[in-house]
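Trainee: Below you'll find work_6.txt; it's compact mmCIF, C-alpha atoms.
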```txt
# COMPACT_ATOMS: atom_id res chain seq x y z
CA MET A 1 -25.21 -13.45 9.37
CA ALA A 2 -27.88 -14.15 6.75
CA PRO A 3 -27.04 -17.04 4.41
CA LEU A 4 -27.48 -14.73 1.39
CA ILE A 5 -24.90 -12.32 2.73
CA THR A 6 -22.56 -15.16 3.73
CA SER A 7 -22.72 -16.64 0.27
CA ARG A 8 -22.14 -13.29 -1.40
CA LEU A 9 -19.30 -12.52 0.98
CA LEU A 10 -17.72 -15.85 0.16
CA ARG A 11 -18.08 -15.08 -3.55
CA LEU A 12 -16.52 -11.66 -3.00
CA SER A 13 -13.61 -13.22 -1.10
CA LEU A 14 -13.01 -15.84 -3.77
CA ARG A 15 -13.27 -13.27 -6.51
CA GLY A 16 -10.86 -10.96 -4.71
CA MET A 17 -8.39 -13.75 -4.04
CA LEU A 18 -8.56 -14.93 -7.63
CA ALA A 19 -8.10 -11.40 -8.99
CA TRP A 20 -5.16 -10.83 -6.64
CA ALA A 21 -3.52 -14.16 -7.45
CA ILE A 22 -3.77 -13.69 -11.21
CA LEU A 23 -2.63 -10.06 -11.13
CA ALA A 24 0.18 -10.64 -8.63
CA VAL A 25 1.61 -13.64 -10.45
CA ALA A 26 1.23 -11.99 -13.87
CA GLY A 27 2.91 -8.83 -12.55
CA PHE A 28 5.74 -10.84 -11.04
CA LEU A 29 6.36 -12.85 -14.21
CA LEU A 30 5.99 -9.85 -16.51
CA ALA A 31 7.70 -7.29 -14.28
CA ARG A 32 10.48 -6.58 -16.73
CA PRO A 33 8.36 -5.77 -19.83
CA ILE A 34 5.78 -3.88 -17.78
CA VAL A 35 8.29 -1.70 -15.94
CA THR A 36 10.34 -1.19 -19.10
CA ALA A 37 7.21 -0.01 -20.88
CA LEU A 38 6.42 2.35 -18.00
CA ALA A 39 9.94 3.80 -17.84
CA PRO A 40 9.49 6.67 -20.35
CA TYR A 41 6.33 7.82 -18.58
CA LEU A 42 8.04 7.61 -15.19
CA GLU A 43 11.02 9.59 -16.55
CA GLY A 44 8.65 12.28 -17.78
CA VAL A 45 6.98 12.61 -14.39
CA VAL A 46 10.31 12.63 -12.53
CA ASP A 47 11.63 15.37 -14.82
CA THR A 48 8.46 17.39 -14.32
CA MET A 49 8.75 17.14 -10.53
CA GLN A 50 12.19 18.74 -10.27
CA SER A 51 14.75 20.62 -12.31
CA ASP A 52 18.07 19.52 -10.74
CA TYR A 53 18.61 16.59 -13.09
CA VAL A 54 17.25 14.69 -16.06
CA SER A 55 16.38 11.07 -15.32
CA TYR A 56 17.12 7.95 -17.30
CA LEU A 57 15.51 4.72 -16.17
CA THR A 58 16.57 1.15 -16.92
CA VAL A 59 15.48 -2.23 -15.64
CA ASP A 60 18.52 -4.21 -14.53
CA ASP A 61 19.13 -7.62 -13.03
CA SER A 62 21.03 -7.67 -9.77
CA GLN A 63 21.83 -10.19 -7.08
CA GLU A 64 18.84 -8.86 -5.14
CA GLY A 65 16.48 -9.29 -8.09
CA LEU A 66 15.12 -7.09 -10.83
CA LYS A 67 15.74 -3.41 -10.14
CA LEU A 68 14.48 -0.17 -11.64
CA VAL A 69 17.66 1.89 -11.77
CA MET A 70 17.68 5.63 -12.26
CA ALA A 71 20.65 7.55 -13.60
CA CYS A 72 20.56 11.33 -13.24
CA ARG A 73 22.22 13.82 -15.58
CA ALA A 74 22.83 16.98 -13.60
CA SER A 75 21.07 20.06 -14.94
CA ARG A 76 23.31 22.18 -12.72
CA SER A 77 26.30 21.58 -10.52
CA LEU A 78 25.26 19.35 -7.60
CA THR A 79 27.18 18.72 -4.38
CA LEU A 80 26.93 15.23 -2.90
CA PRO A 81 27.05 14.68 0.88
CA SER A 82 30.56 13.25 0.50
CA GLY A 83 31.67 16.64 -0.80
CA ARG A 84 32.07 15.42 -4.34
CA VAL A 85 30.69 17.85 -6.90
CA VAL A 86 28.72 16.54 -9.85
CA PRO A 87 29.36 19.01 -12.67
CA PHE A 88 26.69 20.26 -15.04
CA LEU A 89 25.62 17.53 -17.53
CA GLN A 90 27.51 14.75 -15.77
CA SER A 91 25.53 11.57 -15.05
CA PHE A 92 25.53 9.65 -11.82
CA ALA A 93 23.65 6.63 -10.46
CA CYS A 94 21.13 8.28 -8.22
CA ALA A 95 18.34 5.90 -7.18
CA LYS A 96 17.02 2.40 -7.54
CA THR A 97 14.06 0.41 -6.38
CA ASP A 98 12.75 -3.10 -6.81
CA ALA A 99 10.91 -3.50 -10.10
CA VAL A 100 8.05 -5.36 -8.40
CA HIS A 101 7.69 -2.46 -5.95
CA VAL A 102 6.56 -0.34 -8.90
CA LEU A 103 3.72 -2.78 -9.49
CA VAL A 104 2.27 -2.77 -5.97
CA PRO A 105 -0.15 0.17 -6.42
CA ILE A 106 -1.20 -1.20 -9.80
CA VAL A 107 -1.97 -4.64 -8.38
CA ILE A 108 -3.90 -3.16 -5.44
CA PHE A 109 -5.93 -0.88 -7.71
CA LEU A 110 -6.77 -3.54 -10.28
CA THR A 111 -7.53 -6.19 -7.64
CA ILE A 112 -10.18 -3.97 -6.06
CA VAL A 113 -11.58 -2.73 -9.37
CA ILE A 114 -11.84 -6.23 -10.82
CA GLY A 115 -12.75 -7.99 -7.57
CA TRP A 116 -15.64 -5.74 -6.56
CA PRO A 117 -18.96 -7.00 -7.98
CA ALA A 118 -20.58 -5.00 -10.75
CA ALA A 119 -24.28 -4.80 -11.55
CA GLY A 120 -23.84 -5.53 -15.22
CA ARG A 121 -21.75 -5.15 -18.34
CA ARG A 122 -22.46 -1.44 -18.65
CA GLU A 123 -21.12 -0.83 -15.18
CA LEU A 124 -18.10 -2.98 -15.93
CA ALA A 125 -17.44 -1.03 -19.10
CA ARG A 126 -17.70 2.32 -17.29
CA ARG A 127 -15.44 0.98 -14.57
CA ALA A 128 -12.90 -0.19 -17.18
CA VAL A 129 -12.83 3.27 -18.75
CA GLY A 130 -12.37 4.81 -15.31
CA ALA A 131 -9.54 2.38 -14.56
CA LEU A 132 -7.75 3.25 -17.80
CA LEU A 133 -8.02 6.94 -16.96
CA LEU A 134 -6.93 6.61 -13.34
CA LEU A 135 -4.11 4.11 -13.79
CA PRO A 136 -1.61 6.65 -15.19
CA ALA A 137 -2.38 8.94 -12.26
CA ILE A 138 -1.73 6.15 -9.74
CA ILE A 139 1.54 5.23 -11.42
CA GLY A 140 2.55 8.88 -11.72
CA PHE A 141 1.87 9.67 -8.07
CA THR A 142 3.72 6.71 -6.60
CA THR A 143 6.97 5.50 -8.21
CA PRO A 144 8.24 8.93 -9.42
CA VAL A 145 7.64 10.34 -5.93
CA LEU A 146 9.65 7.44 -4.53
CA LEU A 147 12.53 7.93 -6.99
CA VAL A 148 12.71 11.70 -6.51
CA GLY A 149 12.58 11.17 -2.77
CA LEU A 150 15.42 8.66 -2.91
CA VAL A 151 17.57 11.14 -4.82
CA GLY A 152 16.64 13.87 -2.37
CA ALA A 153 17.50 11.61 0.55
CA GLY A 154 20.84 10.82 -1.07
CA LEU A 155 21.67 14.44 -1.80
CA HIS A 156 20.36 15.83 1.51
CA PRO A 157 20.46 13.07 4.15
CA GLU A 158 20.44 15.71 6.90
CA ARG A 159 16.83 16.50 6.02
CA PHE A 160 15.78 13.16 7.48
CA SER A 161 16.95 14.11 10.96
CA SER A 162 14.12 14.74 13.35
CA ASP A 163 14.99 18.37 14.04
CA VAL A 164 14.89 19.47 10.43
CA GLN A 165 11.71 19.82 8.45
CA LEU A 166 11.38 17.46 5.54
CA SER A 167 11.61 19.25 2.22
CA ALA A 168 8.62 19.54 -0.05
CA LEU A 169 9.90 16.64 -2.13
CA LEU A 170 10.74 14.37 0.81
CA HIS A 171 7.34 14.71 2.49
CA PRO A 172 5.47 12.98 -0.35
CA PHE A 173 8.21 10.34 -0.54
CA VAL A 174 7.83 9.42 3.13
CA PHE A 175 4.05 9.55 2.85
CA ILE A 176 4.02 7.21 -0.15
CA GLU A 177 6.44 4.78 1.49
CA MET A 178 4.54 4.76 4.80
CA GLY A 179 1.28 3.58 3.26
CA GLY A 180 0.25 6.39 0.93
CA GLY A 181 1.21 4.09 -1.92
CA TRP A 182 -1.66 1.86 -0.79
CA LEU A 183 -4.07 4.66 0.05
CA LEU A 184 -3.94 6.21 -3.43
CA PRO A 185 -4.90 3.07 -5.38
CA LEU A 186 -7.63 2.28 -2.85
CA ILE A 187 -9.13 5.76 -3.22
CA ALA A 188 -8.77 5.57 -6.98
CA ALA A 189 -10.48 2.17 -6.96
CA ALA A 190 -13.33 3.55 -4.82
CA VAL A 191 -13.72 6.49 -7.21
CA CYS A 192 -13.64 4.13 -10.18
CA ILE A 193 -16.31 1.86 -8.66
CA ARG A 194 -18.41 4.88 -7.70
CA VAL A 195 -18.22 6.42 -11.16
CA GLY A 196 -18.90 3.07 -12.77
CA SER A 197 -22.08 2.68 -10.73
CA LEU A 198 -23.49 6.08 -11.70
CA LYS A 199 -26.44 5.77 -13.99
CA PRO A 200 -26.54 8.06 -17.01
CA PRO A 201 -29.18 10.78 -16.55
CA SER A 202 -32.45 9.80 -18.16
CA ALA A 203 -34.05 12.19 -20.60
CA PRO A 204 -36.62 14.46 -18.92
CA PRO A 205 -40.21 13.69 -19.82
CA SER A 206 -41.43 15.95 -22.59
CA ASN A 207 -44.33 18.18 -21.72
CA PRO A 208 -47.42 17.73 -23.81
CA MET B 1 -22.53 3.79 -3.98
CA GLU B 2 -26.20 4.00 -4.56
CA ALA B 3 -28.79 3.00 -2.02
CA ALA B 4 -30.26 0.32 -4.25
CA SER B 5 -32.32 -2.60 -3.12
CA SER B 6 -30.44 -5.11 -1.05
CA GLU B 7 -31.36 -7.93 -3.41
CA SER B 8 -29.85 -6.45 -6.53
CA ARG B 9 -26.95 -4.70 -4.81
CA PRO B 10 -26.30 -6.13 -1.38
CA TRP B 11 -22.87 -4.55 -1.08
CA ARG B 12 -23.43 -1.19 0.44
CA ALA B 13 -20.29 -0.26 -1.35
CA PRO B 14 -18.38 2.29 0.70
CA ALA B 15 -17.72 4.44 -2.30
CA ASN B 16 -19.92 7.47 -1.94
CA TRP B 17 -18.07 10.75 -2.18
CA SER B 18 -18.30 11.71 1.47
CA PHE B 19 -16.95 8.31 2.49
CA ILE B 20 -13.95 8.76 0.22
CA VAL B 21 -13.19 12.26 1.53
CA VAL B 22 -13.58 11.29 5.20
CA PHE B 23 -11.58 8.09 4.65
CA ALA B 24 -8.65 9.96 3.11
CA SER B 25 -8.80 12.72 5.74
CA ILE B 26 -8.77 10.33 8.69
CA TYR B 27 -5.93 8.40 7.13
CA CYS B 28 -3.88 11.60 6.80
CA VAL B 29 -4.57 12.58 10.42
CA LEU B 30 -3.42 9.14 11.61
CA TYR B 31 -0.35 9.34 9.40
CA VAL B 32 0.62 12.75 10.81
CA ALA B 33 0.15 11.50 14.37
CA TYR B 34 2.26 8.42 13.62
CA SER B 35 4.98 10.59 12.07
CA ALA B 36 5.20 12.53 15.32
CA ILE B 37 6.25 9.43 17.31
CA PRO B 38 10.04 9.49 17.75
CA ASP B 39 11.94 6.73 15.96
CA ALA B 40 13.86 5.83 19.11
CA TYR B 41 10.65 5.22 21.07
CA LEU B 42 9.29 2.97 18.33
CA ARG B 43 12.58 1.10 18.01
CA GLU B 44 13.38 0.61 21.68
CA VAL B 45 9.94 0.20 23.20
CA VAL B 46 7.13 -0.43 20.74
CA TYR B 47 8.89 -2.65 18.25
CA TYR B 48 10.87 -4.55 20.86
CA GLN B 49 7.96 -5.27 23.18
CA GLY B 50 5.22 -5.45 20.57
CA ILE B 51 6.88 -7.16 17.61
CA VAL B 52 10.39 -8.45 18.23
CA ARG B 53 9.74 -10.26 21.53
CA PRO B 54 6.56 -12.03 20.34
CA SER B 55 8.29 -12.92 17.05
CA GLN B 56 11.27 -14.27 18.95
CA LEU B 57 8.95 -16.46 21.02
CA MET B 58 7.08 -17.68 17.94
CA ILE B 59 10.28 -18.51 16.06
CA GLY B 60 11.69 -20.23 19.14
CA TRP B 61 8.53 -22.29 19.41
CA ILE B 62 8.48 -23.22 15.70
CA ALA B 63 12.21 -23.83 15.35
CA PRO B 64 14.05 -24.03 18.69
CA ASN B 65 17.36 -24.63 16.93
CA GLU B 66 17.26 -21.16 15.40
CA HIS B 67 18.39 -19.64 18.72
CA VAL B 68 17.01 -16.30 17.62
CA ILE B 69 17.48 -13.30 19.86
CA GLY B 70 15.79 -9.92 19.86
CA ILE B 71 17.79 -6.75 20.28
CA GLN B 72 15.80 -3.52 20.15
CA ASN B 73 14.17 -3.61 16.71
CA GLN B 74 16.18 -6.54 15.36
CA LEU B 75 15.72 -10.30 15.22
CA GLN B 76 19.11 -11.99 15.03
CA SER B 77 20.29 -15.55 14.65
CA GLY B 78 23.19 -17.38 13.11
CA SER B 79 21.38 -17.53 9.79
CA ALA B 80 19.70 -14.14 9.46
CA ALA B 81 19.06 -10.69 10.84
CA LEU B 82 15.78 -8.89 10.35
CA ASN B 83 15.25 -5.23 11.17
CA ILE B 84 11.83 -3.92 12.10
CA VAL B 85 11.63 -0.32 10.95
CA ARG B 86 8.91 2.30 10.65
CA GLY B 87 6.31 0.92 8.28
CA CYS B 88 7.07 -2.74 9.12
CA ASP B 89 4.62 -2.53 12.02
CA GLY B 90 1.43 -2.81 9.99
CA ALA B 91 0.53 0.78 10.83
CA GLY B 92 -0.27 1.61 7.21
CA ILE B 93 -2.93 -1.10 6.97
CA VAL B 94 -4.30 -0.34 10.44
CA PHE B 95 -4.69 3.32 9.43
CA LEU B 96 -6.49 2.32 6.24
CA LEU B 97 -8.90 0.08 8.13
CA VAL B 98 -9.46 2.53 10.99
CA ALA B 99 -10.12 5.32 8.50
CA ALA B 100 -12.51 3.17 6.47
CA ILE B 101 -14.43 1.94 9.53
CA ILE B 102 -14.84 5.42 11.01
CA ALA B 103 -15.75 6.90 7.63
CA PHE B 104 -18.46 4.26 7.21
CA ARG B 105 -20.35 5.87 10.10
CA ALA B 106 -21.92 2.80 11.68
CA GLY B 107 -23.19 2.90 15.25
CA TRP B 108 -20.54 3.47 17.92
CA ARG B 109 -20.72 -0.08 19.28
CA ARG B 110 -20.24 -1.65 15.86
CA THR B 111 -17.53 0.87 15.06
CA LEU B 112 -15.61 0.03 18.23
CA LEU B 113 -15.94 -3.69 17.58
CA GLY B 114 -14.82 -3.15 14.00
CA LEU B 115 -11.80 -1.15 15.12
CA ALA B 116 -10.81 -3.71 17.74
CA GLY B 117 -11.15 -6.52 15.20
CA ALA B 118 -9.16 -4.59 12.60
CA ILE B 119 -6.29 -3.88 14.97
CA ALA B 120 -6.23 -7.49 16.19
CA LEU B 121 -6.36 -8.87 12.65
CA VAL B 122 -3.56 -6.66 11.37
CA TYR B 123 -1.43 -7.34 14.43
CA ILE B 124 -1.78 -11.11 13.99
CA LEU B 125 -1.20 -10.94 10.23
CA ASN B 126 1.82 -8.72 10.74
CA GLN B 127 3.34 -11.08 13.32
CA LEU B 128 2.86 -13.96 10.90
CA ARG B 129 4.43 -11.81 8.18
CA ILE B 130 7.48 -11.01 10.32
CA VAL B 131 8.01 -14.64 11.29
CA ALA B 132 7.51 -15.81 7.71
CA LEU B 133 9.95 -13.19 6.43
CA TYR B 134 12.49 -14.26 9.01
CA PHE B 135 12.41 -17.82 7.69
CA VAL B 136 12.38 -16.67 4.07
CA ASN B 137 15.39 -14.46 4.77
CA SER B 138 17.16 -17.36 6.44
CA TYR B 139 16.44 -20.17 4.03
CA ARG B 140 15.12 -18.73 0.73
CA HIS B 141 16.87 -15.41 0.52
CA ALA B 142 16.11 -14.97 -3.19
CA TRP B 143 12.41 -14.90 -2.32
CA PHE B 144 12.80 -12.22 0.32
CA VAL B 145 12.37 -9.12 -1.85
CA PRO B 146 9.35 -10.28 -3.84
CA MET B 147 7.68 -11.57 -0.69
CA HIS B 148 8.54 -8.49 1.37
CA VAL B 149 7.77 -5.71 -1.08
CA TYR B 150 5.20 -7.27 -3.39
CA PHE B 151 3.24 -10.41 -2.55
CA ILE B 152 2.71 -9.96 1.19
CA PRO B 153 1.78 -6.24 1.16
CA THR B 154 -0.75 -6.67 -1.63
CA LEU B 155 -2.19 -9.77 0.05
CA MET B 156 -2.49 -7.92 3.37
CA ILE B 157 -4.32 -5.06 1.66
CA LEU B 158 -6.70 -7.60 0.16
CA ALA B 159 -7.19 -9.22 3.58
CA GLY B 160 -7.94 -5.78 5.04
CA ALA B 161 -10.41 -5.00 2.27
CA LEU B 162 -12.20 -8.31 2.81
CA TYR B 163 -12.32 -7.72 6.56
CA PHE B 164 -13.88 -4.34 5.89
CA ALA B 165 -16.44 -5.88 3.52
CA LEU B 166 -17.27 -8.50 6.14
CA TRP B 167 -17.67 -5.89 8.85
CA ALA B 168 -19.62 -3.47 6.67
CA THR B 169 -22.13 -6.08 5.52
CA ASN B 170 -22.53 -7.78 8.88
CA GLY B 171 -24.62 -5.52 11.02
CA PRO B 172 -27.71 -3.38 11.30
CA ALA B 173 -28.29 -0.86 8.56
CA ASP B 174 -27.33 2.11 10.68
CA HIS B 175 -25.41 3.65 7.85
CA GLU B 176 -27.31 4.98 4.89
CA PRO B 177 -25.07 5.75 1.98
CA SER B 178 -26.00 8.86 0.09
CA ALA B 179 -28.16 8.17 -2.90
CA SER B 180 -26.19 10.28 -5.29
CA ALA B 181 -22.89 12.01 -5.73
```
Output the structure of this file as structure tokens.
Mentor:
Amino acid sequence: MAPLITSRLLRLSLRGMLAWAILAVAGFLLARPIVTALAPYLEGVVDTMQSDYVSYLTVDDSQEGLKLVMACRASRSLTLPSGRVVPFLQSFACAKTDAVHVLVPIVIFLTIVIGWPAAGRRELARRAVGALLLLPAIIGFTTPVLLVGLVGAGLHPERFSSDVQLSALLHPFVFIEMGGGWLLPLIAAAVCIRVGSLKPPSAPPSNP
Amino acid sequence: MEAASSESRPWRAPANWSFIVVFASIYCVLYVAYSAIPDAYLREVVYYQGIVRPSQLMIGWIAPNEHVIGIQNQLQSGSAALNIVRGCDGAGIVFLLVAAIIAFRAGWRRTLLGLAGAIALVYILNQLRIVALYFVNSYRHAWFVPMHVYFIPTLMILAGALYFALWATNGPADHEPSASA
């Protein structure tokens, strides 16, 4: 390999590692305020995705660490697998996930966006704007899908058996959990880098 | 990414639109194929032979007093039990790398080498991950969740991305990224 490429590759690796280390540690230490701040947005997306319940998200400490806990208020009568019926407007604990799990797509996205070299400040600025625009989409397409899928899996566990088709809401859940939650931020990062590298069209030469 | 001069922009950044579309499409095809594999086959054959047995040997070599045993998809000892389930096999990262390498459209020889390297890298990293998680679960249980769901996955994605950058920049220029969107 040419020394120039080796040196640049080394720089890229160091830059990527540094970006990852800073983002991962910051996310871990600030998981509670970050996830708490995201909760209203996540609730909005969850409520848009389905009409069986209204979600309420809190960040709680547990023996297993910091959890994002979702309570559901039934928008209609719901029957649990145990046979218990949740009446209209009654709340029940319906899903939870690790708070740091929420941050995984964000860390992946920002690590790539920050770690990939840029040609200059203009490109960095365009990339930053792209990141700000895409970040809500990444968050909205990952954690809410997971939470809705967890509720669906709890309400309809039979749909996970191999001889029954997964419902429309469980398919995205399984996809996100099986690696789609990494694919989306990587694609978003690639789009962000691509858009950031586009040069603004130059003005056409005026005819004499 | 633009086909700029190699001096000013040596990273033939794999971010042109066709790359992104092909990358996502191949990933989805691999995901669908993986979903079609029965859980029982993964648990009883693939995970036992491919992950649990090698992990058991590694743990036994590192810490013989652990007396760890492998049963189907589970590593068990007096201090911990670790289940290997769908998704714990590194398939997600392998699919990402395979999709990226194929979508890059290098020559077939370089592509095959890249794929072989990617699969080997992810397999080794995943074995190290499993063994590390076994010890974390046994002796630092409070660290298990952050390591399992946060630090290690994001680090493995970064390792995969760096491998791809290494592979993509180390070879003949048989892939010409499109000059514009």
Trainee: Residues at most 12 Å from stretch 55-71 of chain B, counting only C-alpha atoms, excluding those fewer than 2 positions away in the same chain, as a PyMOL selection string?
Mentor: chain B and resi 43-45+47-53+73-84+123-135+138-139
Trainee: Kindly give the distance, in Å, that separates atom CA of A:Ala189 and atom CA of A:Arg8, rounded to a single decimal.
Mentor: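 Between these atoms lies a distance of 20.1 Å.
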Trainee: How many Å lie between atom CA of A:Leu183 and atom CA of A:Arg15, rounded to one decimal?
Mentor: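 Interatomic distance, atom CA of A:Leu183 to atom CA of A:Arg15: 21.2 Å.
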Trainee: Any idea which chain B residues end up within 7 Å of chain A if we count all atoms listed in the file, as a ChimeraX atom specification please?
Mentor: /B:1,15-16,20,87,92,142,146,149-151,154,162,166,170
Trainee: Mind giving me the straight-line distance from atom CA of B:Arg105 to atom CA of B:Val122 in Å, one decimal?
Mentor: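 Distance between the two atoms: 21.0 Å.
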Trainee: Counting only C-alpha atoms, which of B:Val21, B:Val46, B:Ala120, B:Ala91 gets nearest to B:Ala33?
Mentor: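 The answer is B:Ala91, which sits nearest to B:Ala33.
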Trainee: Give the answer as one residue: which of B:Ile93, B:Tyr163, B:Ala168, B:Ser18 has the shortest atom-to-atom distance to B:Gly117, using only C-alpha atoms?
Mentor: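 Checking each candidate against B:Gly117, we get B:Tyr163 as the closest.
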Trainee: Restricting the calculation to all atoms listed in the file, which member of A:Leu18, A:Leu170, A:Val45, A:Leu147 is positioned closest to A:Ala95?
Mentor: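 Using all atoms listed in the file, the shortest distance to A:Ala95 belongs to A:Leu147.
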Trainee: Can you give me all heavy atoms for stretch 5-13 of chain A, written as a tab-separated table (two decimals), keeping the file's coordinate frame?
Mentor:
```
chain	number	residue	atom	x	y	z
A	5	ILE	N	-26.07	-13.17	2.57
A	5	ILE	CA	-24.90	-12.32	2.73
A	5	ILE	C	-23.64	-13.17	2.83
A	5	ILE	O	-22.61	-12.86	2.24
A	5	ILE	CB	-25.06	-11.43	3.99
A	5	ILE	CG1	-26.22	-10.46	3.81
A	5	ILE	CG2	-23.78	-10.67	4.26
A	5	ILE	CD1	-26.02	-9.40	2.78
A	6	THR	N	-23.73	-14.28	3.58
A	6	THR	CA	-22.56	-15.16	3.73
A	6	THR	C	-22.11	-15.67	2.38
A	6	THR	O	-20.92	-15.65	2.06
A	6	THR	CB	-22.92	-16.37	4.63
A	6	THR	OG1	-23.49	-15.86	5.83
A	6	THR	CG2	-21.70	-17.19	4.94
A	7	SER	N	-23.07	-16.10	1.59
A	7	SER	CA	-22.72	-16.64	0.27
A	7	SER	C	-22.11	-15.56	-0.62
A	7	SER	O	-21.14	-15.80	-1.32
A	7	SER	CB	-23.98	-17.24	-0.34
A	7	SER	OG	-24.10	-16.90	-1.67
A	8	ARG	N	-22.68	-14.37	-0.56
A	8	ARG	CA	-22.14	-13.29	-1.40
A	8	ARG	C	-20.76	-12.85	-0.91
A	8	ARG	O	-19.88	-12.51	-1.69
A	8	ARG	CB	-23.10	-12.09	-1.41
A	8	ARG	CG	-24.32	-12.36	-2.26
A	8	ARG	CD	-25.30	-11.21	-2.18
A	8	ARG	NE	-26.57	-11.58	-2.75
A	8	ARG	CZ	-26.97	-11.19	-3.96
A	8	ARG	NH1	-26.22	-10.44	-4.70
A	8	ARG	NH2	-28.15	-11.56	-4.41
A	9	LEU	N	-20.59	-12.88	0.40
A	9	LEU	CA	-19.30	-12.52	0.98
A	9	LEU	C	-18.24	-13.53	0.58
A	9	LEU	O	-17.10	-13.18	0.26
A	9	LEU	CB	-19.44	-12.46	2.50
A	9	LEU	CG	-18.44	-11.60	3.26
A	9	LEU	CD1	-18.40	-10.19	2.72
A	9	LEU	CD2	-18.79	-11.59	4.73
A	10	LEU	N	-18.64	-14.79	0.57
A	10	LEU	CA	-17.72	-15.85	0.16
A	10	LEU	C	-17.34	-15.65	-1.31
A	10	LEU	O	-16.17	-15.78	-1.68
A	10	LEU	CB	-18.41	-17.21	0.36
A	10	LEU	CG	-17.50	-18.42	0.26
A	10	LEU	CD1	-16.45	-18.41	1.36
A	10	LEU	CD2	-18.33	-19.70	0.36
A	11	ARG	N	-18.36	-15.32	-2.12
A	11	ARG	CA	-18.08	-15.08	-3.55
A	11	ARG	C	-17.13	-13.90	-3.72
A	11	ARG	O	-16.22	-13.93	-4.53
A	11	ARG	CB	-19.39	-14.83	-4.29
A	11	ARG	CG	-20.12	-16.10	-4.67
A	11	ARG	CD	-20.81	-15.96	-6.03
A	11	ARG	NE	-21.76	-14.86	-6.04
A	11	ARG	CZ	-23.05	-14.99	-5.80
A	11	ARG	NH1	-23.55	-16.17	-5.52
A	11	ARG	NH2	-23.86	-13.97	-5.83
A	12	LEU	N	-17.38	-12.84	-2.92
A	12	LEU	CA	-16.52	-11.66	-3.00
A	12	LEU	C	-15.09	-12.02	-2.62
A	12	LEU	O	-14.14	-11.61	-3.29
A	12	LEU	CB	-17.05	-10.56	-2.07
A	12	LEU	CG	-16.17	-9.31	-1.99
A	12	LEU	CD1	-16.27	-8.50	-3.28
A	12	LEU	CD2	-16.57	-8.42	-0.81
A	13	SER	N	-14.95	-12.83	-1.55
A	13	SER	CA	-13.61	-13.22	-1.10
A	13	SER	C	-12.90	-14.04	-2.17
A	13	SER	O	-11.73	-13.80	-2.48
A	13	SER	CB	-13.71	-14.04	0.19
A	13	SER	OG	-14.37	-13.31	1.17
```
